[in-house]
$ cat structure16.cif   # mmCIF, C-alpha atoms; chains and numbers go by the auth columns
data_structure
loop_
_atom_site.group_PDB
_atom_site.id
_atom_site.type_symbol
_atom_site.label_atom_id
_atom_site.label_comp_id
_atom_site.label_asym_id
_atom_site.label_seq_id
_atom_site.Cartn_x
_atom_site.Cartn_y
_atom_site.Cartn_z
_atom_site.B_iso_or_equiv
_atom_site.auth_seq_id
_atom_site.auth_asym_id
ATOM 1 C CA MET A 1 0.000 0.000 0.000 0.00 10 A
ATOM 2 C CA ILE A 2 2.822 2.376 0.788 0.00 11 A
ATOM 3 C CA ASN A 3 4.661 2.650 -2.493 0.00 12 A
ATOM 4 C CA PRO A 4 5.188 5.359 -5.122 0.00 13 A
ATOM 5 C CA TYR A 5 2.248 4.121 -7.189 0.00 14 A
ATOM 6 C CA ALA A 6 -0.201 4.911 -4.373 0.00 15 A
ATOM 7 C CA ILE A 7 0.725 8.580 -4.839 0.00 16 A
ATOM 8 C CA GLY A 8 -0.134 8.364 -8.513 0.00 17 A
ATOM 9 C CA LEU A 9 -3.379 6.562 -7.781 0.00 18 A
ATOM 10 C CA SER A 10 -4.347 9.186 -5.236 0.00 19 A
ATOM 11 C CA VAL A 11 -3.579 12.121 -7.517 0.00 20 A
ATOM 12 C CA PHE A 12 -4.684 10.863 -10.922 0.00 21 A
ATOM 13 C CA VAL A 13 -7.357 8.278 -10.156 0.00 22 A
ATOM 14 C CA TYR A 14 -9.479 9.796 -7.403 0.00 23 A
ATOM 15 C CA THR A 15 -11.759 6.788 -7.054 0.00 24 A
ATOM 16 C CA ASP A 16 -8.868 4.592 -5.884 0.00 25 A
ATOM 17 C CA MET A 17 -8.297 6.508 -2.646 0.00 26 A
ATOM 18 C CA LEU A 18 -11.226 4.861 -0.849 0.00 27 A
ATOM 19 C CA PRO A 19 -10.241 1.234 -1.626 0.00 28 A
ATOM 20 C CA ILE A 20 -6.650 2.027 -0.647 0.00 29 A
ATOM 21 C CA LEU A 21 -7.942 3.321 2.690 0.00 30 A
ATOM 22 C CA PHE A 22 -10.025 0.167 3.158 0.00 31 A
ATOM 23 C CA SER A 23 -7.063 -2.060 2.299 0.00 32 A
ATOM 24 C CA ILE A 24 -4.816 -0.214 4.770 0.00 33 A
ATOM 25 C CA ILE A 25 -7.490 -0.783 7.441 0.00 34 A
ATOM 26 C CA CYS A 26 -7.544 -4.476 6.457 0.00 35 A
ATOM 27 C CA CYS A 27 -3.771 -4.698 6.854 0.00 36 A
ATOM 28 C CA LEU A 28 -3.901 -3.025 10.258 0.00 37 A
ATOM 29 C CA VAL A 29 -6.704 -5.337 11.384 0.00 38 A
ATOM 30 C CA MET A 30 -4.709 -8.360 10.240 0.00 39 A
ATOM 31 C CA ILE A 31 -2.006 -7.341 12.740 0.00 40 A
ATOM 32 C CA LYS A 32 -4.477 -6.990 15.606 0.00 41 A
ATOM 33 C CA PRO A 33 -7.370 -9.282 14.566 0.00 42 A
ATOM 34 C CA ASN A 34 -10.910 -7.941 14.665 0.00 43 A
ATOM 35 C CA PRO A 35 -13.225 -9.965 12.365 0.00 44 A
ATOM 36 C CA VAL A 36 -16.038 -7.388 12.238 0.00 45 A
ATOM 37 C CA ILE A 37 -13.842 -4.471 11.168 0.00 46 A
ATOM 38 C CA PHE A 38 -11.968 -6.754 8.765 0.00 47 A
ATOM 39 C CA ALA A 39 -15.192 -7.936 7.086 0.00 48 A
ATOM 40 C CA ILE A 40 -16.550 -4.393 6.754 0.00 49 A
ATOM 41 C CA SER A 41 -13.308 -2.932 5.393 0.00 50 A
ATOM 42 C CA LEU A 42 -12.713 -5.796 2.954 0.00 51 A
ATOM 43 C CA ALA A 43 -16.318 -5.562 1.746 0.00 52 A
ATOM 44 C CA GLY A 44 -15.830 -1.811 1.300 0.00 53 A
ATOM 45 C CA ALA A 45 -12.660 -2.369 -0.719 0.00 54 A
ATOM 46 C CA LEU A 46 -14.397 -4.966 -2.885 0.00 55 A
ATOM 47 C CA LEU A 47 -17.409 -2.745 -3.481 0.00 56 A
ATOM 48 C CA SER A 48 -15.157 0.223 -4.319 0.00 57 A
ATOM 49 C CA ARG A 49 -12.881 -1.665 -6.694 0.00 58 A
ATOM 50 C CA GLN A 50 -13.606 -5.182 -7.851 0.00 59 A
ATOM 51 C CA TYR A 51 -9.943 -6.013 -8.424 0.00 60 A
ATOM 52 C CA PHE A 52 -9.492 -6.144 -4.649 0.00 61 A
ATOM 53 C CA VAL A 53 -10.892 -9.658 -4.974 0.00 62 A
ATOM 54 C CA PHE A 54 -7.228 -10.669 -5.204 0.00 63 A
ATOM 55 C CA PHE A 55 -6.516 -9.070 -1.829 0.00 64 A
ATOM 56 C CA GLY A 56 -9.494 -10.851 -0.290 0.00 65 A
ATOM 57 C CA SER A 57 -8.498 -14.151 -1.867 0.00 66 A
ATOM 58 C CA ALA A 58 -4.955 -13.787 -0.531 0.00 67 A
ATOM 59 C CA ALA A 59 -6.321 -13.020 2.951 0.00 68 A
ATOM 60 C CA CYS A 60 -8.586 -16.093 2.783 0.00 69 A
ATOM 61 C CA LEU A 61 -5.649 -18.275 1.767 0.00 70 A
ATOM 62 C CA TYR A 62 -3.482 -16.759 4.535 0.00 71 A
ATOM 63 C CA TYR A 63 -6.030 -17.503 7.253 0.00 72 A
ATOM 64 C CA LEU A 64 -6.766 -20.941 5.832 0.00 73 A
ATOM 65 C CA LEU A 65 -3.060 -21.825 6.000 0.00 74 A
ATOM 66 C CA LYS A 66 -2.786 -20.272 9.461 0.00 75 A
ATOM 67 C CA LEU A 67 -5.729 -22.390 10.620 0.00 76 A
ATOM 68 C CA PHE A 68 -4.430 -25.563 8.988 0.00 77 A
ATOM 69 C CA TYR A 69 -0.772 -25.353 10.038 0.00 78 A
ATOM 70 C CA GLN A 70 -0.649 -23.281 13.224 0.00 79 A
ATOM 71 C CA LYS A 71 -4.136 -24.015 14.613 0.00 80 A
ATOM 72 C CA GLU A 72 -4.571 -20.359 15.618 0.00 81 A
ATOM 73 C CA SER A 73 -7.890 -19.777 17.406 0.00 82 A
ATOM 74 C CA TYR A 74 -8.645 -16.451 15.721 0.00 83 A
ATOM 75 C CA ALA A 75 -7.876 -17.722 12.199 0.00 84 A
ATOM 76 C CA LEU A 76 -11.269 -19.377 11.797 0.00 85 A
ATOM 77 C CA ARG A 77 -13.109 -16.180 12.770 0.00 86 A
ATOM 78 C CA MET A 78 -10.992 -14.136 10.349 0.00 87 A
ATOM 79 C CA LEU A 79 -11.546 -16.709 7.588 0.00 88 A
ATOM 80 C CA VAL A 80 -15.314 -16.502 8.110 0.00 89 A
ATOM 81 C CA ALA A 81 -15.023 -12.693 8.034 0.00 90 A
ATOM 82 C CA CYS A 82 -13.188 -12.983 4.699 0.00 91 A
ATOM 83 C CA ILE A 83 -15.923 -15.141 3.225 0.00 92 A
ATOM 84 C CA ILE A 84 -18.685 -12.868 4.555 0.00 93 A
ATOM 85 C CA SER A 85 -16.990 -9.822 3.007 0.00 94 A
ATOM 86 C CA PHE A 86 -17.406 -11.379 -0.448 0.00 95 A
ATOM 87 C CA LEU A 87 -21.200 -11.637 -0.099 0.00 96 A
ATOM 88 C CA PRO A 88 -22.081 -8.019 -1.060 0.00 97 A
ATOM 89 C CA ILE A 89 -20.097 -8.128 -4.306 0.00 98 A
ATOM 90 C CA PHE A 90 -21.478 -11.564 -5.191 0.00 99 A
ATOM 91 C CA LEU A 91 -24.998 -10.238 -4.580 0.00 100 A
ATOM 92 C CA LEU A 92 -24.360 -7.327 -6.954 0.00 101 A
ATOM 93 C CA ILE A 93 -22.898 -9.644 -9.599 0.00 102 A
ATOM 94 C CA PHE A 94 -26.003 -11.808 -9.312 0.00 103 A
ATOM 95 C CA LEU A 95 -28.343 -8.792 -9.592 0.00 104 A
ATOM 96 C CA TRP A 96 -26.394 -7.282 -12.491 0.00 105 A
ATOM 97 C CA LYS A 97 -26.064 -10.659 -14.269 0.00 106 A
ATOM 98 C CA GLY A 98 -22.389 -9.826 -14.799 0.00 107 A
ATOM 99 C CA LEU A 99 -19.544 -7.783 -13.374 0.00 108 A
ATOM 100 C CA ASN A 100 -21.224 -4.440 -14.059 0.00 109 A
ATOM 101 C CA PRO A 101 -24.745 -3.071 -14.530 0.00 110 A
ATOM 102 C CA ASP A 102 -26.283 -3.041 -17.967 0.00 111 A
ATOM 103 C CA ASN A 103 -25.239 0.076 -19.929 0.00 112 A
ATOM 104 C CA ALA A 104 -24.160 1.174 -23.403 0.00 113 A
ATOM 105 C CA MET A 105 -20.435 0.635 -22.777 0.00 114 A
ATOM 106 C CA ARG A 106 -21.055 -2.932 -21.616 0.00 115 A
ATOM 107 C CA LYS A 107 -22.783 -3.704 -24.904 0.00 116 A
ATOM 108 C CA PHE A 108 -20.006 -1.954 -26.835 0.00 117 A
ATOM 109 C CA TYR A 109 -17.233 -3.974 -25.176 0.00 118 A
ATOM 110 C CA TYR A 110 -19.122 -7.256 -25.490 0.00 119 A
ATOM 111 C CA ALA A 111 -19.583 -6.638 -29.220 0.00 120 A
ATOM 112 C CA GLN A 112 -16.059 -5.344 -29.854 0.00 121 A
ATOM 113 C CA GLY A 113 -14.095 -7.456 -27.391 0.00 122 A
ATOM 114 C CA LEU A 114 -10.792 -6.492 -25.813 0.00 123 A
ATOM 115 C CA SER A 115 -8.726 -4.343 -28.108 0.00 124 A
ATOM 116 C CA PHE A 116 -6.076 -1.659 -28.115 0.00 125 A
ATOM 117 C CA GLN A 117 -7.411 1.863 -28.580 0.00 126 A
ATOM 118 C CA PRO A 118 -4.992 3.622 -30.991 0.00 127 A
ATOM 119 C CA ASN A 119 -6.445 7.062 -30.268 0.00 128 A
ATOM 120 C CA SER A 120 -5.256 6.672 -26.642 0.00 129 A
ATOM 121 C CA ILE A 121 -1.594 5.992 -27.478 0.00 130 A
ATOM 122 C CA ILE A 122 -0.506 9.447 -26.258 0.00 131 A
ATOM 123 C CA LEU A 123 -2.210 8.841 -22.915 0.00 132 A
ATOM 124 C CA TYR A 124 -0.627 5.385 -22.587 0.00 133 A
ATOM 125 C CA VAL A 125 2.873 6.739 -23.287 0.00 134 A
ATOM 126 C CA LEU A 126 2.520 9.774 -20.996 0.00 135 A
ATOM 127 C CA MET A 127 1.130 7.768 -18.092 0.00 136 A
ATOM 128 C CA PHE A 128 4.183 5.497 -18.207 0.00 137 A
ATOM 129 C CA PHE A 129 6.406 8.483 -17.407 0.00 138 A
ATOM 130 C CA VAL A 130 3.997 9.879 -14.824 0.00 139 A
ATOM 131 C CA TYR A 131 3.880 6.592 -12.917 0.00 140 A
ATOM 132 C CA PHE A 132 7.625 6.064 -13.308 0.00 141 A
ATOM 133 C CA LEU A 133 8.496 9.514 -11.911 0.00 142 A
ATOM 134 C CA PRO A 134 8.277 8.564 -8.170 0.00 143 A
ATOM 135 C CA ASN A 135 10.612 5.611 -8.741 0.00 144 A
ATOM 136 C CA TYR A 136 13.030 7.868 -10.584 0.00 145 A
ATOM 137 C CA ILE A 137 13.046 10.443 -7.767 0.00 146 A
ATOM 138 C CA ILE A 138 13.602 7.739 -5.137 0.00 147 A
ATOM 139 C CA SER A 139 16.432 6.193 -7.140 0.00 148 A
ATOM 140 C CA LEU A 140 18.125 9.602 -7.455 0.00 149 A
ATOM 141 C CA LYS A 141 17.968 10.069 -3.682 0.00 150 A
ATOM 142 C CA ILE A 142 19.483 6.630 -3.149 0.00 151 A
ATOM 143 C CA LEU A 143 22.286 7.239 -5.665 0.00 152 A
ATOM 144 C CA LEU A 144 23.157 10.683 -4.298 0.00 153 A
#

$ encode --input "structure16.cif" --output "structure tokens"
Amino acid sequence: MINPYAIGLSVFVYTDMLPILFSIICCLVMIKPNPVIFAISLAGALLSRQYFVFFGSAACLYYLLKLFYQKESYALRMLVACIISFLPIFLLIFLWKGLNPDNAMRKFYYAQGLSFQPNSIILYVLMFFVYFLPNYIISLKILL
């Protein structure tokens, strides 16, 4: 969570600030386990950005391994909290009959499929340098 890309996400993609906050809360709660706060924050991250399903899956696997190998008493409660946090997004997927609600762009992408948008090449090239800039600044500080 604390890396140079989080700065770029916070400045250029405003809708990613909320899931980053939820994921930081999840990480803090994993240190000092509280299943209720963990379930709410993970559900919030999933509802804010669907790609946080990977974070939730990793947390489920972590607590499953912790339960299986170390027999930790809190691991089962945290695993159940992980599973419960997936319920709101699964409910929306069921209601939407897909990963997003029905709209014109959904129909456009289903008809066209995944493709490269040539008219966005300038944006793609510029964003590479924008996202690389924090790494460049950090590397200069390390070298000097």

$ residues_around --input "structure16.cif" --residues "A:Gln59" --least-positions-apart "6" --cutoff "12 Å" --atoms "all atoms listed in the file" --output "list in words"
Asp25, Pro28, Leu51, Ala52, Gly53, Gly65, Ser66, Phe95, Pro97, Ile98, Phe99, Leu101, Ile102, Leu108 and Asn109 of chain A

$ resolve_selection --input "structure16.cif" --expression "the PyMOL selection byres ((chain A and resi 91) around 8)" --output "list of chain:residue names"
A:Phe47, A:Ala48, A:Leu51, A:Gly65, A:Ala68, A:Cys69, A:Met87, A:Leu88, A:Val89, A:Ala90, A:Ile92, A:Ile93, A:Ser94, A:Phe95

$ closest_residue --input "structure16.cif" --among "A:Cys35, A:Asp111, A:Lys41, A:Ile130" --to "A:Ala67" --atoms "all atoms listed in the file"
A:Cys35

$ atom_distance --input "structure16.cif" --atom1 "atom CA of A:Ala54" --atom2 "atom CA of A:Ile29"
7.4 Å

$ closest_residue --input "structure16.cif" --among "A:Lys106, A:Val134, A:Pro42, A:Tyr60" --to "A:Leu85" --atoms "only C-alpha atoms"
A:Pro42

$ atom_distance --input "structure16.cif" --atom1 "atom CA of A:Arg58" --atom2 "atom CA of A:Phe31"
10.4 Å

$ atom_distance --input "structure16.cif" --atom1 "atom CA of A:Trp105" --atom2 "atom CA of A:Ile49"
21.8 Å
